[in-house]
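Heads up: the structure comes next, in C-alpha cells.
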Protein chains: 2
Amino acid sequence: MIKTPYLLFLGDAPDPLAAKVAQGIRDWRPENAIGQFRMEGCKADMRLPDMTLAEARAAGAETLVIGVANRGGLISPAWKKVLIAALEEGFDLASGLHNLLRDEPDLVAVAKATGRSLHDVRVPNVQYPIANGVKRTGKRCLAVGTDCSVGKMYTALAMDAEMKARGLKSSFRATGQTGILITGEGVPLDAVIADFMAGAVEWLTPDNDPDHWDMIEGQGSLFHISYSGVTMALVHGGQPDALILCHEPTRPHMRGLPDYEMPSLEALRDLALLVARQANAAVQVVGISINTSAFSEAEAITYLAEVEARMGLPAVDPFRQGAARLCDALEAI
Amino acid sequence: MIKTPYLLFLGDAPDPLAAKVAQGIRDWRPENAIGQFRMEGCKADMRLPDMTLAEARAAGAETLVIGVANRGGLISPAWKKVLIAALEEGFDLASGLHNLLRDEPDLVAVAKATGRSLHDVRVPNVQYPIANGVKRTGKRCLAVGTDCSVGKMYTALAMDAEMKARGLKSSFRATGQTGILITGEGVPLDAVIADFMAGAVEWLTPDNDPDHWDMIEGQGSLFHISYSGVTMALVHGGQPDALILCHEPTRPHMRGLPDYEMPSLEALRDLALLVARQANAAVQVVGISINTSAFSEAEAITYLAEVEARMGLPAVDPFRQGAARLCDALEAI
C-alpha cells in the first residue's frame, strides 16, 4: 500500500498525454494529489499548485508519484536528481515505469539510508494463492471489453464514483499500474505468474458486506489472443455478479493484431456470460459502456440509441454522460 | 535444452507412483533412458539396468534426471550426496522439484567448479515474446479437458508416438515439467508471467512444414477456475487446427473444487470451439479421449460406444486402445 497524499511528478512531459497517470489521479482521487512538480520544458499541467519538494512535504505529501512516462519508460539522469532529492526530503517513491526503481542502485542506496520505500507497481509484491473458487460475500462488477484499451478502467472508476456519490458501498479494485497508482493499492495482474492469476483476483476482491460492490478493473479481452488468459483469470477469479460490456466502435481491427476483426457486442455478451457462469451461475450482463470519443455529440447519441435498442440494455458513454444509468442497472439486481 | 541420454535418479522412492516422471521418460522416450540409479529402500523400478554414476557416464549418459518426488518436493541430505557426486562425475542435473537446484548453494558451487548445468524445468529460462497472432505454417493439435489431470499429456504423447510410427511428421510440445523432462525441452507454462503466456505457446510451436503436426500438451481446463487462464493462452497461442476432448467420467467434482460440477463433453466442445475459432477459424474437434481407468474392460467399451454415438466423434481410451483412431481423424483433416 502506497502512502497518500501524493506530490505528482510530471517531469519534462513532452505532451499532456504522457502524463496520463497523473491525470488519472487528478481526475479520480483528487484528494490524493496535493500538488505537482514540473521540470523545465514540461508540457503537462494538472492545474494543481506547483510545489517544491520541501513545500509539498510541509503540506503533508508522503509519496512522490511518477505520473509521466517518457520514451522507453526509462528514468532519465535529469529525473534521477529529483528522485534522489525527494528521498532525502522524506518522500517514498512510486512508479509504474518499465525501468524499475529497484533496479537503480543509487535510488536503492539512498532509500535504504533514508528509510524510505520504493514502490514499483508493475511488479507484484505479494505471494498470491491458487484460486479456490469458494463463493464470497458481497457483490462484484467486472468490465469486459471487445478489445484492449476500450475504456474498461474508466468505466469502473466512473461507476465507483457514482456509487459513492449515491452513498452506496463501493471499492474500485485496480488490476493495472495506472489503477494501482490512482488508488494506492491493487494487483498488477499482467505481471503475475500464470498459476496464481485467478488467486490474485480472489485476494483482491475478498469477502465483504452483502451490499458492497467491488468495481473490478478489467484487462485485455477474451477475444484478444495476446492477453485473453489474463481476462479469463479476471472472470473466473472475480466471480462477478454483473458484467458491463465495453466497446470502441471505430476501431478497424483488434489492437496490435491487424489480421483480427473486432468481435460484435453480441459475441462478447455470449462468450463472457458462458465463461462467467462457471464461477457464478447468477451473473448478468447489466449494461454497455461505449467509448464514443471518435464521434460528434449527435453521432454518439444516435449510435448509443441504436446499440441500446439492439442489445436491450442501457448503453452509455460514461465520459460524456456519466455512469448513472449503469449504476441504476446494478442497483436493480 | 537438456542433454540426453539420461540416467534416471529414483532415489529412495517410497512407492512406484512417486517415480512418475521417470516412468514417463521410460514409457515415451526409452531411447533417452540409459539406466536407473536407486538408493537403499527404493520402491520404484523402471526395469532399466541399475548403474553407478561412473558406469552410466561410461555408457554415455549426460544428465542425471531426478525422476522422483518426495514429500514436499524437497531435496533431502541423502539425495544431495548423490547429486554432488554426479556433478563431479560429469553429469548435468535436471529437476522439476519445487525445491530448485539453483537454490542449493552447495550444488551451485560444485556445478560452477565443474562447469556443469543445473536445469530447473519448473522455471522458465527464456524471455518469451508477447503473442502476435500471426498465422503459422504447419498444423497443431491441442488436447483440452473437462478438468485438470484427465489424461491430456498422455493423449498428446500417445498421438505423437502413433504419428511417428506411421512415418508422419510430429512433435510433442511439452508445457509442463514432466513433459519437459520427458523430451528435454518445452515451456513450463504455469510459471510464465501472465502477459507472455500466449507468446510462450507461439514460441513453442513455430512455423513448420505444411504436413507437420505439433501435439501440444494441454494444461488445466477452460472450466477450472483456478487455471483457466493458462488453458485460454494455450488455445489462443497454439491456434490449433484440431482439438481432442479429454475426460475422466467418474470424477465427482472438479479437481480441488468441491463446489464445482464437472462440465459435460458437449459443454467442453462448445466452449473450446468458440474460443479456438478466434485464433483459427478452421479449427475442428476431431476426437475424444477418455480416461477409463476406473472402469472394467467391459464397462469401458460400453461407455466409449455410448460417448461415440452421442457426440458423433471417435471416442477412445488411448491407454487401453492406443491412439490410432485419433490419428486417423487427424489425417482426415
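Convention: chains lettered A, B, ... in C-alpha cells order; per-chain residue numbering from 1; ligands numbered from 1 as shown.
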
Q: Pull out every residue of chain A that has at least one atom within 7 Å of chain B, counting only C-alpha atoms, and report them as an MDAnalysis selection string.
A: chainID A and resid 130:133 190:195 198:199 223 225:230 232:233 236:237 257 278:279

File of the preceding selection, C-alpha atoms, as a compact mmCIF listing (two decimals), in the first residue's frame:
# COMPACT_ATOMS: atom_id res chain seq x y z
CA ILE A 130 -4.00 -20.55 -6.05
CA ALA A 131 -7.68 -19.68 -6.57
CA ASN A 132 -10.05 -21.84 -4.53
CA GLY A 133 -13.33 -20.77 -6.17
CA ASP A 190 -0.33 -8.90 -16.21
CA ALA A 191 2.87 -9.43 -14.21
CA VAL A 192 1.55 -12.27 -12.02
CA ILE A 193 2.79 -15.85 -12.54
CA ALA A 194 0.24 -17.82 -14.61
CA ASP A 195 -0.76 -20.29 -11.90
CA ALA A 198 -7.11 -16.15 -10.59
CA GLY A 199 -5.96 -16.44 -6.97
CA PHE A 223 -11.08 -12.10 -27.80
CA ILE A 225 -5.31 -13.63 -28.32
CA SER A 226 -2.27 -11.99 -26.68
CA TYR A 227 -3.92 -11.31 -23.32
CA SER A 228 -7.09 -13.45 -23.19
CA GLY A 229 -5.64 -15.65 -20.44
CA VAL A 230 -5.40 -12.64 -18.15
CA MET A 232 -10.12 -15.33 -18.26
CA ALA A 233 -8.48 -15.26 -14.83
CA HIS A 236 -13.11 -16.73 -13.03
CA GLY A 237 -11.24 -15.22 -10.08
CA LEU A 257 -3.44 -7.56 -34.36
CA GLN A 278 -18.79 -21.22 -14.42
CA ALA A 279 -17.82 -19.08 -11.41

Q) Could you pull out the strand (DSSP E) residues of stretch 140-232 of chain B from DSSP and send them as a ChimeraX atom specification? A) /B:140-145,169-173,212-216

Q. Can you tell me, as an MDAnalysis selection string, what residues are no more than 7 Å from stretch 69-82 of chain B when counting only C-alpha atoms, ignoring any on the same chain fewer than 4 positions away?
A. chainID B and resid 11 13 18:19 86 97:99

Contacts of B:Ala59 at 12 Å (only C-alpha atoms; same-chain gap of 4+ positions) as an mmCIF file with all heavy atoms, in the first residue's frame:
data_model
loop_
_atom_site.group_PDB
_atom_site.id
_atom_site.type_symbol
_atom_site.label_atom_id
_atom_site.label_comp_id
_atom_site.auth_asym_id
_atom_site.auth_seq_id
_atom_site.Cartn_x
_atom_site.Cartn_y
_atom_site.Cartn_z
ATOM 1 N N THR B 4 20.711 -35.268 -23.608
ATOM 2 C CA THR B 4 20.358 -36.689 -23.465
ATOM 3 C C THR B 4 21.555 -37.530 -23.896
ATOM 4 O O THR B 4 22.434 -37.020 -24.598
ATOM 5 C CB THR B 4 19.147 -37.039 -24.342
ATOM 6 O OG1 THR B 4 19.447 -36.672 -25.695
ATOM 7 C CG2 THR B 4 17.906 -36.338 -23.875
ATOM 8 N N PRO B 5 21.625 -38.836 -23.584
ATOM 9 C CA PRO B 5 20.643 -39.580 -22.774
ATOM 10 C C PRO B 5 20.811 -39.342 -21.276
ATOM 11 O O PRO B 5 21.747 -38.715 -20.842
ATOM 12 C CB PRO B 5 20.949 -41.040 -23.134
ATOM 13 C CG PRO B 5 22.391 -41.048 -23.496
ATOM 14 C CD PRO B 5 22.687 -39.709 -24.107
ATOM 15 N N TYR B 6 19.818 -39.884 -20.544
ATOM 16 C CA TYR B 6 19.720 -39.655 -19.108
ATOM 17 C C TYR B 6 20.101 -40.908 -18.302
ATOM 18 O O TYR B 6 19.912 -42.043 -18.759
ATOM 19 C CB TYR B 6 18.272 -39.357 -18.691
ATOM 20 C CG TYR B 6 17.566 -38.199 -19.352
ATOM 21 C CD1 TYR B 6 16.174 -38.246 -19.496
ATOM 22 C CD2 TYR B 6 18.227 -37.051 -19.783
ATOM 23 C CE1 TYR B 6 15.464 -37.188 -20.048
ATOM 24 C CE2 TYR B 6 17.522 -35.989 -20.342
ATOM 25 C CZ TYR B 6 16.146 -36.067 -20.480
ATOM 26 O OH TYR B 6 15.429 -35.024 -21.022
ATOM 27 N N LEU B 7 20.569 -40.672 -17.090
ATOM 28 C CA LEU B 7 20.481 -41.665 -16.020
ATOM 29 C C LEU B 7 19.322 -41.216 -15.130
ATOM 30 O O LEU B 7 19.281 -40.052 -14.719
ATOM 31 C CB LEU B 7 21.792 -41.715 -15.223
ATOM 32 C CG LEU B 7 21.793 -42.629 -13.993
ATOM 33 C CD1 LEU B 7 21.595 -44.106 -14.369
ATOM 34 C CD2 LEU B 7 23.097 -42.461 -13.187
ATOM 35 N N ALA B 33 16.737 -43.048 -21.870
ATOM 36 C CA ALA B 33 16.977 -43.586 -20.525
ATOM 37 C C ALA B 33 17.964 -44.752 -20.590
ATOM 38 O O ALA B 33 17.592 -45.869 -20.943
ATOM 39 C CB ALA B 33 15.657 -44.032 -19.899
ATOM 40 N N ILE B 34 19.227 -44.467 -20.234
ATOM 41 C CA ILE B 34 20.277 -45.493 -20.308
ATOM 42 C C ILE B 34 20.225 -46.435 -19.122
ATOM 43 O O ILE B 34 20.542 -47.614 -19.242
ATOM 44 C CB ILE B 34 21.653 -44.774 -20.396
ATOM 45 C CG1 ILE B 34 21.956 -44.419 -21.851
ATOM 46 C CG2 ILE B 34 22.743 -45.592 -19.762
ATOM 47 C CD1 ILE B 34 23.376 -43.951 -22.074
ATOM 48 N N GLY B 35 19.834 -45.914 -17.987
ATOM 49 C CA GLY B 35 19.797 -46.760 -16.790
ATOM 50 C C GLY B 35 19.113 -46.038 -15.655
ATOM 51 O O GLY B 35 18.604 -44.930 -15.831
ATOM 52 N N PRO B 49 18.668 -51.087 -16.488
ATOM 53 C CA PRO B 49 19.870 -51.515 -15.763
ATOM 54 C C PRO B 49 20.166 -50.587 -14.586
ATOM 55 O O PRO B 49 20.134 -49.367 -14.740
ATOM 56 C CB PRO B 49 20.976 -51.405 -16.821
ATOM 57 C CG PRO B 49 20.293 -51.400 -18.140
ATOM 58 C CD PRO B 49 18.931 -50.838 -17.923
ATOM 59 N N MET B 51 22.696 -48.767 -12.468
ATOM 60 C CA MET B 51 24.059 -48.338 -12.777
ATOM 61 C C MET B 51 24.604 -47.437 -11.682
ATOM 62 O O MET B 51 23.859 -46.661 -11.085
ATOM 63 C CB MET B 51 24.083 -47.547 -14.091
ATOM 64 C CG MET B 51 23.817 -48.379 -15.333
ATOM 65 S SD MET B 51 23.980 -47.324 -16.814
ATOM 66 C CE MET B 51 23.782 -48.559 -18.102
ATOM 67 N N THR B 52 25.922 -47.524 -11.473
ATOM 68 C CA THR B 52 26.582 -46.485 -10.684
ATOM 69 C C THR B 52 26.722 -45.253 -11.576
ATOM 70 O O THR B 52 26.543 -45.324 -12.800
ATOM 71 C CB THR B 52 27.985 -46.936 -10.238
ATOM 72 O OG1 THR B 52 28.802 -47.094 -11.412
ATOM 73 C CG2 THR B 52 27.924 -48.261 -9.470
ATOM 74 N N LEU B 53 27.088 -44.136 -10.945
ATOM 75 C CA LEU B 53 27.302 -42.916 -11.721
ATOM 76 C C LEU B 53 28.392 -43.144 -12.769
ATOM 77 O O LEU B 53 28.246 -42.765 -13.941
ATOM 78 C CB LEU B 53 27.689 -41.762 -10.791
ATOM 79 C CG LEU B 53 26.610 -41.359 -9.769
ATOM 80 C CD1 LEU B 53 27.192 -40.365 -8.754
ATOM 81 C CD2 LEU B 53 25.397 -40.748 -10.463
ATOM 82 N N ALA B 54 29.490 -43.786 -12.359
ATOM 83 C CA ALA B 54 30.612 -43.992 -13.283
ATOM 84 C C ALA B 54 30.209 -44.906 -14.439
ATOM 85 O O ALA B 54 30.551 -44.645 -15.603
ATOM 86 C CB ALA B 54 31.803 -44.580 -12.529
ATOM 87 N N GLU B 55 29.452 -45.965 -14.134
ATOM 88 C CA GLU B 55 29.001 -46.868 -15.205
ATOM 89 C C GLU B 55 28.118 -46.134 -16.215
ATOM 90 O O GLU B 55 28.251 -46.316 -17.430
ATOM 91 C CB GLU B 55 28.213 -48.048 -14.611
ATOM 92 C CG GLU B 55 29.092 -49.062 -13.894
ATOM 93 C CD GLU B 55 28.294 -50.047 -13.030
ATOM 94 O OE1 GLU B 55 27.059 -49.858 -12.864
ATOM 95 O OE2 GLU B 55 28.917 -50.983 -12.504
ATOM 96 N N THR B 63 23.044 -36.548 -18.461
ATOM 97 C CA THR B 63 22.272 -35.811 -17.449
ATOM 98 C C THR B 63 21.657 -36.793 -16.455
ATOM 99 O O THR B 63 21.105 -37.818 -16.852
ATOM 100 C CB THR B 63 21.142 -34.996 -18.118
ATOM 101 O OG1 THR B 63 21.718 -34.105 -19.090
ATOM 102 C CG2 THR B 63 20.360 -34.188 -17.103
#

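Candidate residues B:Arg38, B:Arg320, B:Arg255, B:Lys152 were compared for distance to B:Ile216, and the nearest is B:Lys152, using only C-alpha atoms.
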
Q.
To test your reading of the structure, identify every residue in stretch 112-206 of chain A that backbone DSSP assigns to alpha helix (DSSP H), and report it as a PyMOL selection string.
A. chain A and resi 112-114+152-165+177-183+197-204

(Q) With only C-alpha atoms as the counted atoms, please give the residues lying no more than 10 Å from B:Arg251, apart from itself and same-chain residues fewer than 5 positions off, as a list in words. (A) Asp147, Val150, Glu261, Met262 and Ala294 of chain B

Take the residues from that selection and put them in a file with C-alpha atoms, as a JSON list (two decimals), in the first residue's frame.
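Below is the file result_28.json, written as the result:
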[["chain", "number", "residue", "atom", "x", "y", "z"],
["B", 147, "ASP", "CA", -10.91, -30.82, -15.87],
["B", 150, "VAL", "CA", -7.77, -36.15, -17.08],
["B", 261, "GLU", "CA", -19.67, -29.81, -11.00],
["B", 262, "MET", "CA", -17.84, -31.43, -13.91],
["B", 294, "ALA", "CA", -11.86, -46.61, -13.09]]

Q: Grab the atom CA of B:Leu330 to atom CA of B:Lys20 distance for me, in Å with one decimal place.
A: 28.7 Å

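With only C-alpha atoms taken into account, the protein and nucleic acid residues at most 12 Å from B:Ala111 (excluding it and anything under 3 positions from it in its own chain) are Leu83, Ile84, Ala85, Ala86, Leu87, Glu88, Glu89, Gly90, Phe91, Asp92, Leu93, Leu101, Arg102, Glu104, Pro105, Asp106, Leu107, Val108, Thr114, Gly115, Arg116, Ser117, Leu118 and His119 of chain B.
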
**Q.** Selection: 9 Å around stretch 153-164 of chain B, only C-alpha atoms, excl. self and same-chain fewer than 3 positions, as a PyMOL selection string
**A.** chain B and resi 28+141-143+149-150+167-174+176+179+213-219+244+246+289+317-319+322-324+326-327

For those residues, write N, CA, C and O atoms to a file as a short mmCIF file (atom, residue, chain, number, x, y, z; two decimals), in the first residue's frame.
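Saved the output as part.cif:
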data_model
loop_
_atom_site.label_atom_id
_atom_site.label_comp_id
_atom_site.auth_asym_id
_atom_site.auth_seq_id
_atom_site.Cartn_x
_atom_site.Cartn_y
_atom_site.Cartn_z
N TRP B 28 7.88 -43.13 -22.81
CA TRP B 28 7.71 -42.32 -24.02
C TRP B 28 9.01 -41.98 -24.73
O TRP B 28 9.00 -41.66 -25.91
N CYS B 141 -2.29 -29.68 -32.98
CA CYS B 141 -3.37 -30.38 -32.29
C CYS B 141 -3.23 -30.12 -30.80
O CYS B 141 -2.13 -30.19 -30.26
N LEU B 142 -4.33 -29.76 -30.15
CA LEU B 142 -4.31 -29.48 -28.72
C LEU B 142 -5.35 -30.33 -28.01
O LEU B 142 -6.50 -30.42 -28.45
N ALA B 143 -4.93 -30.95 -26.92
CA ALA B 143 -5.86 -31.70 -26.08
C ALA B 143 -6.41 -30.75 -25.03
O ALA B 143 -5.65 -30.10 -24.31
N SER B 149 -5.86 -32.88 -15.05
CA SER B 149 -5.43 -34.25 -14.77
C SER B 149 -6.43 -35.29 -15.26
O SER B 149 -6.84 -36.19 -14.52
N VAL B 150 -6.86 -35.16 -16.51
CA VAL B 150 -7.77 -36.15 -17.08
C VAL B 150 -7.10 -36.94 -18.20
O VAL B 150 -7.77 -37.74 -18.87
N GLY B 167 5.19 -42.91 -39.78
CA GLY B 167 6.12 -42.22 -40.66
C GLY B 167 5.72 -40.79 -40.95
O GLY B 167 6.23 -40.18 -41.89
N LEU B 168 4.80 -40.26 -40.14
CA LEU B 168 4.36 -38.87 -40.35
C LEU B 168 5.18 -37.93 -39.47
O LEU B 168 5.82 -38.35 -38.51
N LYS B 169 5.15 -36.64 -39.82
CA LYS B 169 5.94 -35.64 -39.08
C LYS B 169 5.15 -35.15 -37.87
O LYS B 169 4.05 -34.60 -38.03
N SER B 170 5.71 -35.31 -36.70
CA SER B 170 5.01 -34.93 -35.46
C SER B 170 6.02 -34.57 -34.39
O SER B 170 7.10 -35.16 -34.31
N SER B 171 5.68 -33.55 -33.58
CA SER B 171 6.49 -33.20 -32.42
C SER B 171 5.58 -33.04 -31.21
O SER B 171 4.58 -32.32 -31.28
N PHE B 172 5.91 -33.73 -30.12
CA PHE B 172 5.23 -33.47 -28.86
C PHE B 172 5.78 -32.18 -28.29
O PHE B 172 7.00 -32.01 -28.18
N ARG B 173 4.91 -31.23 -27.95
CA ARG B 173 5.34 -29.93 -27.40
C ARG B 173 4.96 -29.86 -25.93
O ARG B 173 3.78 -29.70 -25.59
N ALA B 174 5.96 -29.96 -25.08
CA ALA B 174 5.71 -30.04 -23.64
C ALA B 174 5.41 -28.67 -23.05
O ALA B 174 6.06 -27.68 -23.37
N GLY B 176 4.54 -28.64 -19.46
CA GLY B 176 4.63 -28.85 -18.01
C GLY B 176 5.92 -29.58 -17.68
O GLY B 176 6.60 -30.11 -18.57
N GLY B 179 6.45 -33.30 -18.88
CA GLY B 179 6.65 -33.33 -20.33
C GLY B 179 8.01 -32.80 -20.74
O GLY B 179 8.66 -33.34 -21.64
N TRP B 213 2.77 -31.97 -37.70
CA TRP B 213 1.84 -31.74 -36.59
C TRP B 213 2.60 -31.49 -35.30
O TRP B 213 3.46 -32.28 -34.92
N ASP B 214 2.25 -30.40 -34.62
CA ASP B 214 2.63 -30.23 -33.22
C ASP B 214 1.54 -30.84 -32.36
O ASP B 214 0.36 -30.48 -32.51
N MET B 215 1.94 -31.74 -31.47
CA MET B 215 0.99 -32.28 -30.50
C MET B 215 1.22 -31.53 -29.19
O MET B 215 2.17 -31.82 -28.45
N ILE B 216 0.39 -30.52 -28.95
CA ILE B 216 0.63 -29.61 -27.82
C ILE B 216 0.02 -30.20 -26.54
O ILE B 216 -1.15 -30.56 -26.50
N GLU B 217 0.86 -30.28 -25.51
CA GLU B 217 0.39 -30.77 -24.21
C GLU B 217 -0.57 -29.74 -23.60
O GLU B 217 -0.23 -28.57 -23.47
N GLY B 218 -1.77 -30.18 -23.24
CA GLY B 218 -2.72 -29.28 -22.59
C GLY B 218 -2.39 -29.04 -21.14
O GLY B 218 -1.59 -29.76 -20.53
N GLN B 219 -3.00 -27.99 -20.58
CA GLN B 219 -2.87 -27.68 -19.15
C GLN B 219 -4.22 -27.21 -18.65
O GLN B 219 -4.94 -26.49 -19.35
N ILE B 244 -8.72 -32.26 -29.34
CA ILE B 244 -9.16 -33.54 -28.77
C ILE B 244 -9.78 -33.23 -27.41
O ILE B 244 -9.17 -32.54 -26.60
N CYS B 246 -10.78 -34.29 -23.74
CA CYS B 246 -10.32 -35.28 -22.75
C CYS B 246 -11.22 -35.25 -21.52
O CYS B 246 -11.59 -34.17 -21.06
N SER B 289 -10.88 -38.39 -26.02
CA SER B 289 -10.00 -39.29 -25.28
C SER B 289 -10.53 -39.43 -23.86
O SER B 289 -10.64 -38.44 -23.14
N ASP B 317 -9.98 -44.75 -25.36
CA ASP B 317 -9.06 -44.61 -24.25
C ASP B 317 -7.68 -44.98 -24.78
O ASP B 317 -7.41 -46.16 -25.01
N PRO B 318 -6.81 -44.00 -25.03
CA PRO B 318 -5.53 -44.33 -25.68
C PRO B 318 -4.67 -45.27 -24.84
O PRO B 318 -3.83 -45.97 -25.40
N PHE B 319 -4.90 -45.32 -23.52
CA PHE B 319 -4.11 -46.24 -22.70
C PHE B 319 -4.52 -47.69 -22.95
O PHE B 319 -3.70 -48.58 -23.04
N GLY B 322 -4.75 -47.52 -27.61
CA GLY B 322 -3.86 -46.79 -28.50
C GLY B 322 -4.56 -45.59 -29.10
O GLY B 322 -5.77 -45.41 -28.95
N ALA B 323 -3.78 -44.77 -29.81
CA ALA B 323 -4.29 -43.51 -30.34
C ALA B 323 -4.57 -43.59 -31.83
O ALA B 323 -4.75 -42.56 -32.49
N ALA B 324 -4.64 -44.81 -32.39
CA ALA B 324 -4.75 -44.95 -33.85
C ALA B 324 -5.96 -44.22 -34.40
O ALA B 324 -5.86 -43.48 -35.39
N LEU B 326 -7.63 -41.72 -33.16
CA LEU B 326 -7.48 -40.26 -33.05
C LEU B 326 -6.59 -39.74 -34.18
O LEU B 326 -6.86 -38.69 -34.77
N CYS B 327 -5.54 -40.50 -34.49
CA CYS B 327 -4.64 -40.08 -35.58
C CYS B 327 -5.31 -40.24 -36.95
O CYS B 327 -5.07 -39.43 -37.85
#

Q | Atomic distance atom CA of A:Leu245 - atom CA of A:Gln321, expressed in Å with one decimal | A | 16.3 Å
